Structure formats: structure tokens, C-alpha cells
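Visitor: Sending over my_file.pdb (PDB, C-alpha atoms).
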```pdb
MODEL        1
ATOM      1  CA  MET A 315    -121.145-112.048 -25.530
ATOM      2  CA  LYS A 316    -122.971-108.723 -25.708
ATOM      3  CA  GLU A 317    -123.545-108.931 -21.943
ATOM      4  CA  HIS A 318    -119.790-109.384 -21.460
ATOM      5  CA  TRP A 319    -119.019-106.145 -23.310
ATOM      6  CA  ASP A 320    -121.871-104.220 -21.683
ATOM      7  CA  GLN A 321    -120.526-105.224 -18.281
ATOM      8  CA  ARG A 322    -116.932-104.344 -19.143
ATOM      9  CA  PHE A 323    -117.837-100.986 -20.655
ATOM     10  CA  ALA A 324    -120.000-100.124 -17.638
ATOM     11  CA  GLU A 325    -117.002-100.259 -15.283
ATOM     12  CA  ALA A 326    -115.944 -96.907 -13.857
ATOM     13  CA  GLU A 327    -112.522 -96.895 -15.524
ATOM     14  CA  PHE A 328    -112.403 -96.924 -19.328
ATOM     15  CA  ALA A 329    -111.543-100.521 -20.234
ATOM     16  CA  TYR A 330    -108.810 -99.611 -22.740
ATOM     17  CA  GLY A 331    -108.088 -96.096 -21.569
ATOM     18  CA  GLU A 332    -109.161 -92.768 -23.003
ATOM     19  CA  VAL A 333    -106.204 -92.304 -25.365
ATOM     20  CA  ALA A 334    -106.232 -93.757 -28.881
ATOM     21  CA  HIS A 335    -104.176 -96.835 -29.701
ATOM     22  CA  VAL A 336    -100.533 -95.926 -30.272
ATOM     23  CA  GLY A 337    -100.721 -96.878 -33.972
ATOM     24  CA  VAL A 338    -103.604 -94.465 -34.529
ATOM     25  CA  CYS A 339    -101.747 -91.687 -32.719
ATOM     26  CA  GLU A 340     -98.590 -92.252 -34.769
ATOM     27  CA  VAL A 341    -100.311 -92.388 -38.162
ATOM     28  CA  PHE A 342    -102.825 -89.602 -37.446
ATOM     29  CA  CYS A 343    -101.100 -86.726 -35.693
ATOM     30  CA  SER A 344    -102.080 -83.721 -37.844
ATOM     31  CA  PRO A 345    -105.405 -82.204 -38.939
ATOM     32  CA  GLY A 346    -107.434 -84.013 -41.591
ATOM     33  CA  THR A 347    -110.844 -84.185 -43.213
ATOM     34  CA  GLY A 348    -113.226 -86.836 -44.488
ATOM     35  CA  ARG A 349    -115.804 -89.330 -43.268
ATOM     36  CA  VAL A 350    -114.311 -92.056 -41.077
ATOM     37  CA  LEU A 351    -115.969 -95.202 -39.740
ATOM     38  CA  CYS A 352    -114.539 -96.761 -36.565
ATOM     39  CA  LEU A 353    -115.647-100.409 -36.360
ATOM     40  CA  ALA A 354    -116.171-102.192 -33.031
ATOM     41  CA  GLU A 355    -115.129 -98.901 -31.458
ATOM     42  CA  GLY A 356    -116.267 -99.638 -27.918
ATOM     43  CA  GLN A 357    -115.823 -96.610 -25.672
ATOM     44  CA  GLY A 358    -114.638 -94.306 -28.431
ATOM     45  CA  ARG A 359    -110.971 -93.576 -27.740
ATOM     46  CA  ASN A 360    -109.853 -93.843 -31.374
ATOM     47  CA  ALA A 361    -112.934 -92.077 -32.735
ATOM     48  CA  VAL A 362    -112.457 -89.150 -30.369
ATOM     49  CA  HIS A 363    -108.792 -88.814 -31.364
ATOM     50  CA  LEU A 364    -109.727 -88.595 -35.045
ATOM     51  CA  ALA A 365    -112.592 -86.188 -34.362
ATOM     52  CA  LYS A 366    -110.172 -83.896 -32.521
ATOM     53  CA  LEU A 367    -108.098 -83.767 -35.725
ATOM     54  CA  GLY A 368    -111.104 -82.640 -37.761
ATOM     55  CA  TYR A 369    -112.471 -85.885 -39.217
ATOM     56  CA  ASP A 370    -116.227 -86.550 -39.407
ATOM     57  CA  VAL A 371    -116.313 -89.760 -37.373
ATOM     58  CA  THR A 372    -118.926 -92.458 -36.888
ATOM     59  CA  ALA A 373    -118.304 -94.934 -34.058
ATOM     60  CA  LEU A 374    -120.007 -98.312 -34.578
ATOM     61  CA  ASP A 375    -120.417-100.904 -31.852
ATOM     62  CA  TYR A 376    -122.990-103.465 -30.801
ATOM     63  CA  SER A 377    -122.741-102.489 -27.143
ATOM     64  CA  ALA A 378    -125.064 -99.598 -26.378
ATOM     65  CA  VAL A 379    -123.180 -99.166 -23.091
ATOM     66  CA  GLY A 380    -119.889 -98.759 -24.955
ATOM     67  CA  LEU A 381    -121.416 -96.154 -27.247
ATOM     68  CA  GLU A 382    -122.846 -94.273 -24.287
ATOM     69  CA  ARG A 383    -119.328 -94.055 -22.848
ATOM     70  CA  ALA A 384    -118.014 -92.974 -26.259
ATOM     71  CA  GLY A 385    -120.525 -90.139 -26.239
ATOM     72  CA  GLU A 386    -119.415 -89.214 -22.732
ATOM     73  CA  LEU A 387    -115.735 -89.160 -23.788
ATOM     74  CA  ALA A 388    -116.565 -87.080 -26.872
ATOM     75  CA  ALA A 389    -118.491 -84.540 -24.808
ATOM     76  CA  ARG A 390    -115.640 -84.195 -22.315
ATOM     77  CA  SER A 391    -113.218 -83.806 -25.225
ATOM     78  CA  GLY A 392    -115.307 -81.128 -26.924
ATOM     79  CA  VAL A 393    -115.971 -83.062 -30.140
ATOM     80  CA  ASN A 394    -118.970 -84.573 -31.882
ATOM     81  CA  LEU A 395    -119.290 -88.234 -32.848
ATOM     82  CA  SER A 396    -122.011 -90.031 -34.743
ATOM     83  CA  LEU A 397    -122.873 -93.147 -32.724
ATOM     84  CA  LEU A 398    -124.108 -96.201 -34.627
ATOM     85  CA  HIS A 399    -125.523 -99.114 -32.631
ATOM     86  CA  ALA A 400    -125.223-102.094 -34.974
ATOM     87  CA  ASP A 401    -124.399-105.803 -35.015
ATOM     88  CA  LEU A 402    -121.783-106.600 -37.668
ATOM     89  CA  SER A 403    -123.295-110.049 -38.171
ATOM     90  CA  THR A 404    -126.327-108.389 -39.785
ATOM     91  CA  TYR A 405    -125.091-104.913 -40.726
ATOM     92  CA  THR A 406    -123.996-104.271 -44.316
ATOM     93  CA  LEU A 407    -121.458-101.540 -45.003
ATOM     94  CA  GLU A 408    -122.695 -98.931 -47.454
ATOM     95  CA  PRO A 409    -120.730 -98.942 -50.758
ATOM     96  CA  GLU A 410    -118.152 -96.173 -51.288
ATOM     97  CA  ALA A 411    -119.422 -94.250 -48.264
ATOM     98  CA  TRP A 412    -116.226 -93.654 -46.306
ATOM     99  CA  ASP A 413    -112.921 -91.850 -46.772
ATOM    100  CA  GLY A 414    -111.383 -94.001 -44.053
ATOM    101  CA  ILE A 415    -112.146 -97.065 -41.936
ATOM    102  CA  VAL A 416    -110.488 -97.892 -38.613
ATOM    103  CA  SER A 417    -110.676-101.233 -36.817
ATOM    104  CA  ILE A 418    -108.578-101.458 -33.652
ATOM    105  CA  PHE A 419    -108.678-104.789 -31.800
ATOM    106  CA  GLY A 420    -112.051-105.550 -33.356
ATOM    107  CA  HIS A 421    -111.790-109.292 -32.788
ATOM    108  CA  LEU A 422    -114.664-111.288 -34.245
ATOM    109  CA  PRO A 423    -115.353-114.988 -34.775
ATOM    110  CA  ALA A 424    -113.384-116.129 -37.820
ATOM    111  CA  SER A 425    -116.301-116.524 -40.237
ATOM    112  CA  LEU A 426    -117.820-113.156 -39.320
ATOM    113  CA  ARG A 427    -114.421-111.446 -39.434
ATOM    114  CA  ALA A 428    -113.859-112.723 -42.976
ATOM    115  CA  LYS A 429    -117.317-111.484 -44.018
ATOM    116  CA  VAL A 430    -116.734-108.003 -42.562
ATOM    117  CA  ASN A 431    -113.163-107.685 -43.837
ATOM    118  CA  GLY A 432    -114.325-108.689 -47.297
ATOM    119  CA  GLN A 433    -116.672-105.653 -47.355
ATOM    120  CA  LEU A 434    -114.111-103.033 -46.351
ATOM    121  CA  ARG A 435    -112.634-102.191 -49.744
ATOM    122  CA  GLY A 436    -116.081-101.771 -51.294
ATOM    123  CA  ALA A 437    -117.163 -99.486 -48.448
ATOM    124  CA  LEU A 438    -114.335 -97.027 -49.123
ATOM    125  CA  LYS A 439    -114.380 -94.231 -51.641
ATOM    126  CA  PRO A 440    -111.730 -94.426 -54.396
ATOM    127  CA  GLY A 441    -108.353 -93.828 -52.772
ATOM    128  CA  GLY A 442    -109.818 -94.295 -49.283
ATOM    129  CA  TRP A 443    -107.674 -95.659 -46.466
ATOM    130  CA  LEU A 444    -107.896 -98.490 -43.960
ATOM    131  CA  GLN A 445    -106.150 -98.909 -40.610
ATOM    132  CA  MET A 446    -106.453-102.234 -38.786
ATOM    133  CA  VAL A 447    -104.863-103.587 -35.635
ATOM    134  CA  GLY A 448    -105.470-107.054 -34.234
ATOM    135  CA  TYR A 449    -103.658-109.368 -31.884
ATOM    136  CA  HIS A 450    -101.286-111.940 -33.394
ATOM    137  CA  PRO A 451    -101.129-115.588 -32.204
ATOM    138  CA  LYS A 452     -97.905-114.715 -30.368
ATOM    139  CA  GLN A 453    -100.110-112.659 -28.032
ATOM    140  CA  LEU A 454    -101.179-115.946 -26.429
ATOM    141  CA  GLU A 455     -97.647-116.161 -24.984
ATOM    142  CA  TYR A 456     -97.773-112.639 -23.545
ATOM    143  CA  ARG A 457    -101.314-112.948 -22.098
ATOM    144  CA  THR A 458    -101.619-109.170 -21.737
ATOM    145  CA  GLY A 459    -105.027-108.748 -23.354
ATOM    146  CA  GLY A 460    -107.175-109.917 -26.223
ATOM    147  CA  PRO A 461    -109.041-113.136 -26.979
ATOM    148  CA  GLN A 462    -107.533-116.450 -25.957
ATOM    149  CA  GLU A 463    -109.008-118.255 -28.978
ATOM    150  CA  LEU A 464    -106.486-118.755 -31.786
ATOM    151  CA  SER A 465    -109.073-118.499 -34.559
ATOM    152  CA  MET A 466    -109.888-114.909 -33.521
ATOM    153  CA  LEU A 467    -106.299-113.696 -33.900
ATOM    154  CA  TYR A 468    -104.594-112.151 -36.939
ATOM    155  CA  THR A 469    -101.572-112.874 -39.082
ATOM    156  CA  VAL A 470    -100.371-110.451 -41.741
ATOM    157  CA  GLU A 471    -100.917-112.845 -44.628
ATOM    158  CA  GLY A 472    -104.233-114.107 -43.271
ATOM    159  CA  LEU A 473    -105.538-110.555 -42.975
ATOM    160  CA  LYS A 474    -104.383-109.690 -46.484
ATOM    161  CA  ASP A 475    -106.209-112.751 -47.798
ATOM    162  CA  GLU A 476    -109.435-111.679 -46.076
ATOM    163  CA  LEU A 477    -109.150-108.106 -47.347
ATOM    164  CA  GLY A 478    -108.727-109.383 -50.903
ATOM    165  CA  PRO A 479    -107.001-107.696 -53.849
ATOM    166  CA  GLY A 480    -106.938-104.007 -54.682
ATOM    167  CA  TRP A 481    -104.901-102.495 -51.832
ATOM    168  CA  ASP A 482    -101.704-100.460 -51.710
ATOM    169  CA  TYR A 483    -100.084-101.322 -48.384
ATOM    170  CA  GLU A 484     -98.009 -98.701 -46.614
ATOM    171  CA  VAL A 485     -97.759-100.834 -43.478
ATOM    172  CA  ALA A 486     -98.427-104.559 -43.034
ATOM    173  CA  GLU A 487     -96.398-105.935 -40.163
ATOM    174  CA  LEU A 488     -96.226-107.786 -36.883
ATOM    175  CA  VAL A 489     -95.522-105.346 -34.049
ATOM    176  CA  GLU A 490     -94.216-106.320 -30.622
ATOM    177  CA  ARG A 491     -94.246-103.488 -28.127
ATOM    178  CA  GLU A 492     -95.368-102.483 -24.654
ATOM    179  CA  LEU A 493     -98.951-101.290 -24.346
ATOM    180  CA  SER A 494    -100.533 -99.364 -21.503
ATOM    181  CA  GLU A 495    -104.176 -98.967 -22.490
ATOM    182  CA  GLY A 496    -106.497 -99.011 -19.502
ATOM    183  CA  PRO A 497    -106.754-102.026 -17.196
ATOM    184  CA  TYR A 498    -107.164-104.646 -19.938
ATOM    185  CA  HIS A 499    -104.199-103.938 -22.272
ATOM    186  CA  GLN A 500    -101.102-103.822 -20.099
ATOM    187  CA  GLY A 501     -97.624-105.098 -20.944
ATOM    188  CA  MET A 502     -95.667-106.469 -23.868
ATOM    189  CA  SER A 503     -98.000-107.292 -26.741
ATOM    190  CA  ALA A 504     -97.904-108.782 -30.234
ATOM    191  CA  PHE A 505    -100.276-107.430 -32.860
ATOM    192  CA  VAL A 506    -100.676-107.035 -36.602
ATOM    193  CA  HIS A 507    -100.812-103.472 -37.912
ATOM    194  CA  VAL A 508    -102.043-102.677 -41.418
ATOM    195  CA  PHE A 509    -102.400 -99.309 -43.081
ATOM    196  CA  ALA A 510    -103.457 -99.355 -46.719
ATOM    197  CA  HIS A 511    -105.174 -97.346 -49.435
ATOM    198  CA  LYS A 512    -107.839 -98.629 -51.786
ATOM    199  CA  ASN A 513    -106.262 -99.061 -55.184
ATOM    200  CA  SER A 514    -108.640 -97.421 -57.631
ATOM    201  CA  ASN A 515    -107.172 -99.404 -60.546
ATOM    202  CA  GLN A 516    -108.912-102.611 -59.467
TER     203      GLN A 516
ENDMDL
END
```
Mind converting the file's structure to C-alpha cells?

Guide:
Amino acid sequence: MKEHWDQRFAEAEFAYGEVAHVGVCEVFCSPGTGRVLCLAEGQGRNAVHLAKLGYDVTALDYSAVGLERAGELAARSGVNLSLLHADLSTYTLEPEAWDGIVSIFGHLPASLRAKVNGQLRGALKPGGWLQMVGYHPKQLEYRTGGPQELSMLYTVEGLKDELGPGWDYEVAELVERELSEGPYHQGMSAFVHVFAHKNSNQ
């Protein structure tokens, strides 16, 4: 699987474009501060967008090739990123280390996804925020990107169950809209979008 991503990220054109996912652009469109972790960030488009706004961003991926391209994109964009080469099957998120966590189309095998998602609240500082986007099973009808394995896709309620209690949700919805993100995300798409804050009362 790692070879698959290394090969895709080595292609001349950025696999998912150089512009952040539309949900990231819509939620984060003004300057901000804080430490942000971008999980399974690939070639860095979302991380670079947030760094441009003033966030201190770490891009994590298990493809060294993807991270090399992320560094290239950051340099061309005039921003700095911290690049973290790590495998989420063995990496443990540091407790209360982050002001924000972003996971955009970070599709993992179901058991690993549940393990990682279960760590996210604990990894955030009190009041920290989480933005997640993942393809919904309806995406299998559109066939415009994403995994073809049902178990790797997201539903709103399934994602909430994996994230566990202690969240204040501002957004938790199924979105169907046209995407134009590089050669691999093109056309009408169906994805789950969640934006939530860690509830410090739990």
C-alpha cells in the first residue's frame, strides 16, 4: 500500500491538486494561530493553506514521497511546515498537544481508523477543534475518487461513534457536491464533513 502512495505522489501533477479541500477553505478563510496536525496529509495542500493563514502546522504521512512534495509546495508558497514521517498503525498521538487536527480523505482500514479516531479527542488541548472529511458509501455510485471498499468509507453516525463522547459539533453532515481536486478527485462526490470542538466538560 505504501508503494501505491509513493508512486501516486511521485507523479508530476499533484494527485489532489495544490489547493486545499473546499471544506477547509470555507471553514478557514481568515488568519489564525495555534498548533495544527494534518493527518494522512499526503502532498500538503491543506497544511499549506493553514500555514498561509498563520497556523503552526505539522503534516503527517507515511509516504516520504508525499511529504517531500508537501515540502516542495510549502517552499513555493513561502510557508514553513513541520513534516512528520509516521505510520498511524504504530504512531501514538501525544496527549493535549494540538489546538487543531485536520483529516481530509484520510481513509484507513476500519480497525485502524477506529483506533486513530479514538485518540483524537485526547490529543487536542481543551477547547481544541477537529475537522474531518471522508467519503460516504454513496461515493461508490459516483466513482469519482476514493477507496472502493465499503468498510473504509464514513457515515456521520459511524464517525461520531468512533470519535466517542465529549464533542460539540458545529457541522456533522453528508455533503454531495462537485469536486475538482487534481486528477484523482473529479466530479460529483459524496462525503461526510465534521467540524467539532473538544468539550472540556467531559

Visitor: Give me, please, the distance in Å between atom CA of A:Glu382 and atom CA of A:Gln357, quoted to one decimal.

Guide: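 Rounded to one decimal, the two atoms are 7.5 Å apart.
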
Visitor: Take the PyMOL selection byres ((chain A and resi 466) around 6), apply it to the structure above, and return the hits as JSON, numbers by chain.

Guide: {"A": [421, 423, 424, 463, 464, 465, 467]}

Visitor: Once you have the residues from the selection above, write them out as a PDB file, in the frame of the given file, restricted to C-alpha atoms.

Guide:
```pdb
ATOM      1  CA  HIS A 421    -111.790-109.292 -32.788  1.00  0.00           C
ATOM      2  CA  PRO A 423    -115.353-114.988 -34.775  1.00  0.00           C
ATOM      3  CA  ALA A 424    -113.384-116.129 -37.820  1.00  0.00           C
ATOM      4  CA  GLU A 463    -109.008-118.255 -28.978  1.00  0.00           C
ATOM      5  CA  LEU A 464    -106.486-118.755 -31.786  1.00  0.00           C
ATOM      6  CA  SER A 465    -109.073-118.499 -34.559  1.00  0.00           C
ATOM      7  CA  LEU A 467    -106.299-113.696 -33.900  1.00  0.00           C
TER       8      LEU A 467
END
```

Visitor: Would you pick out the contacts of A:Leu367 at 7 Å or less, using only C-alpha atoms, so that residues sharing its chain but fewer than 3 positions from it are not included, and give the list as a list in words?

Guide: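 Once the nearby chain positions are removed, what remains is Ser344, Pro345, Gly346, His363 and Leu364 of chain A.
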
Visitor: Give the answer as one residue: which of A:Ser377, A:Glu476, A:Asn360, A:Arg427 has the shortest atom-to-atom distance to A:Glu340, using only C-alpha atoms?

Guide: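 Residue with the minimum atom-to-atom distance to A:Glu340: A:Asn360.
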
Visitor: Just how far from atom CA of A:Asp320 is atom CA of A:Ala411, in Å to one decimal?

Guide: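 Atom CA of A:Asp320 lies at a distance of 28.5 Å from atom CA of A:Ala411.
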
Visitor: Quick one: everything within 7 Å of A:Arg491, counting only C-alpha atoms, minus sequence neighbours fewer than 4 positions away in the same chain. Send it as a PyMOL selection string.

Guide: chain A and resi 502-504

Visitor: Using the chain letters and numbers from this file, what does the PyMOL selection byres ((chain A and resi 368-372) around 9) select? Give the answer as JSON, numbers by chain.

Guide: {"A": [345, 346, 347, 348, 349, 350, 351, 352, 353, 361, 362, 364, 365, 366, 367, 373, 374, 394, 395, 396, 397, 398]}

Visitor: List the neighbours of A:Trp319 out to 10 Å using only C-alpha atoms; skip same-chain residues closer than 2 positions along the sequence, and give me the result as a PyMOL selection string.

Guide: chain A and resi 315-317+321-324+329+356+376-380

Visitor: I'd like the interatomic distance between atom CA of A:Val416 and atom CA of A:Ala384, to a tenth of an Å.

Guide: 15.3 Å

Visitor: Can you work out which one of A:Glu386, A:Asp482, A:Glu455, A:Asp475 has the shortest atom-to-atom distance to A:Gly441, counting only C-alpha atoms?

Guide: A:Asp482

Visitor: Got a sec to resolve the PyMOL selection byres ((chain A and resi 471) around 12) on this structure and send the residues as a VMD selection string?

Guide: chain A and resid 450 468 to 470 472 to 478 486 to 488 506 to 508

Visitor: Could you check the closest approach to A:Gly436 for each of A:Gly460, A:Gly414, A:Pro409, A:Pro451 and tell me which residue wins, using only C-alpha atoms?

Guide: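 With only C-alpha atoms as the atom set, the closest residue is A:Pro409.
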
Visitor: Write out as a PyMOL selection string the residues lying within 9 Å of A:Arg435, counting all atoms listed in the file and excluding same-chain residues fewer than 6 positions away.

Guide: chain A and resi 409-410+442-444+477-481+511-513

Visitor: For A:Ala334, which residue out of A:Ala510, A:Leu381, A:Leu422, A:Leu493 is the nearest one, using all atoms listed in the file?

Guide: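 Looking at the shortest contact to A:Ala334, the residue is A:Leu493.
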
Visitor: Could you list, as a list in words, every residue within 9 Å of A:Gly420, counting all atoms listed in the file and ignoring same-chain residues fewer than 3 positions away?

Guide: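 With the cut-off at 9 Å, the set is Leu353, Ala354, Glu355, Ser417, Arg427, Met446, Val447 and Gly448 of chain A.
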
Visitor: Using all atoms listed in the file, which residue out of A:Arg457, A:Asp375, A:His499, A:Phe342 lies closest to A:His399?

Guide: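 That would be A:Asp375, the residue with the smallest distance to A:His399.
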
Visitor: Restricting the calculation to all atoms listed in the file: of A:Tyr483, A:Asn431, A:Ser425, A:Gly501, which residue gets closest to A:Gln453?

Guide: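 Nearest to A:Gln453: A:Gly501.
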